[in-house]
Amino acid sequence: MKKLFLVALLFVGISTFAQKKTERKELTNEEKIEKRVVKLTKTLNLNEKQIGEVKLLFTNQMVKNEKTKADIKAKVKANKEAGTKMSTDERKALRAVFTEEQGVMTSEMKKILTAEQFTKWETMKAEKVEEKADKIKSKKRKQ
């Protein structure tokens, strides 16, 4: 009886891991921007003028981020070919670039949104950062 139970348990465990994972569709930049704008429109009750300004801001931000990511990939590739790793100063410089871009984004959003909308947006942003930190911590615990 124990062997039968063990075999059944083993079968269930194997069949669970053998399930085909659903493939997620990679969104285009325009789709990502549209999705973000729709979410903000629902949560912050944006008007038409604000929607246009936010779309433009997100588009400009995405272009800057892609350029920055390409620069980072080039640096990493160059370091890999040279057999070295990124120095602490290089990492700090990159972090400073992203922090500066976030500051610009925040100041632009402050211009676009009302005081109430901006406060709510800041809260949403803080919650998202907290969720990401929790996700990273849980992944580290699993390892």
# chains A, B, ... in the order shown; residues from 1 in each chain; ligands from 1
>>> residues_around(residues="Ile72 of chain A", least_positions_apart="4", cutoff="12 Å", atoms="only C-alpha atoms", output="count of residues only")
16
>>> residues_around(residues="Gln102 of chain A", least_positions_apart="5", cutoff="12 Å", atoms="only C-alpha atoms", output="list in words")
Leu57, Phe58, Gln61, Met62, Lys64, Asn65, Arg95, Ala96, Val97, Ser107, Glu108, Met109, Glu122 and Lys125 of chain A
>>> atom_distance(atom1="atom CA of Leu56 of chain A", atom2="atom CA of Thr106 of chain A")
14.2 Å
>>> select_by_dssp(residues="chain A", states="helix (DSSP H, G or I)", output="number ranges by chain")
A: 2-17, 29-44, 48-82, 88-112, 115-142
>>> residues_around(residues="segment 28-43 of chain A", least_positions_apart="5", cutoff="9 Å", atoms="only C-alpha atoms", output="number ranges by chain")
A: 50-51, 54-55, 58-59, 62, 117, 120-121
>>> write_last_selection(atoms="N, CA and C atoms", output="tab-separated table (two decimals), in the first residue's frame")
chain	number	residue	atom	x	y	z
A	50	GLN	N	-4.23	65.49	-20.40
A	50	GLN	CA	-3.26	64.76	-19.58
A	50	GLN	C	-2.86	63.45	-20.25
A	51	ILE	N	-3.82	62.77	-20.86
A	51	ILE	CA	-3.53	61.50	-21.52
A	51	ILE	C	-2.51	61.71	-22.63
A	54	VAL	N	0.93	62.50	-21.07
A	54	VAL	CA	1.52	61.31	-20.43
A	54	VAL	C	2.04	60.35	-21.51
A	55	LYS	N	1.28	60.18	-22.59
A	55	LYS	CA	1.75	59.31	-23.69
A	55	LYS	C	3.07	59.82	-24.25
A	58	PHE	N	5.85	59.18	-21.69
A	58	PHE	CA	6.24	57.77	-21.66
A	58	PHE	C	7.02	57.38	-22.91
A	59	THR	N	6.62	57.92	-24.05
A	59	THR	CA	7.34	57.62	-25.30
A	59	THR	C	8.78	58.13	-25.22
A	62	MET	N	10.78	55.98	-22.85
A	62	MET	CA	11.12	54.68	-23.41
A	62	MET	C	12.32	54.80	-24.37
A	117	GLN	N	-3.77	63.90	-7.91
A	117	GLN	CA	-3.35	62.82	-8.81
A	117	GLN	C	-1.88	62.49	-8.60
A	120	LYS	N	-1.35	60.42	-5.47
A	120	LYS	CA	-1.79	59.04	-5.69
A	120	LYS	C	-0.78	58.30	-6.56
A	121	TRP	N	-0.23	58.97	-7.58
A	121	TRP	CA	0.77	58.38	-8.46
A	121	TRP	C	2.03	58.02	-7.68
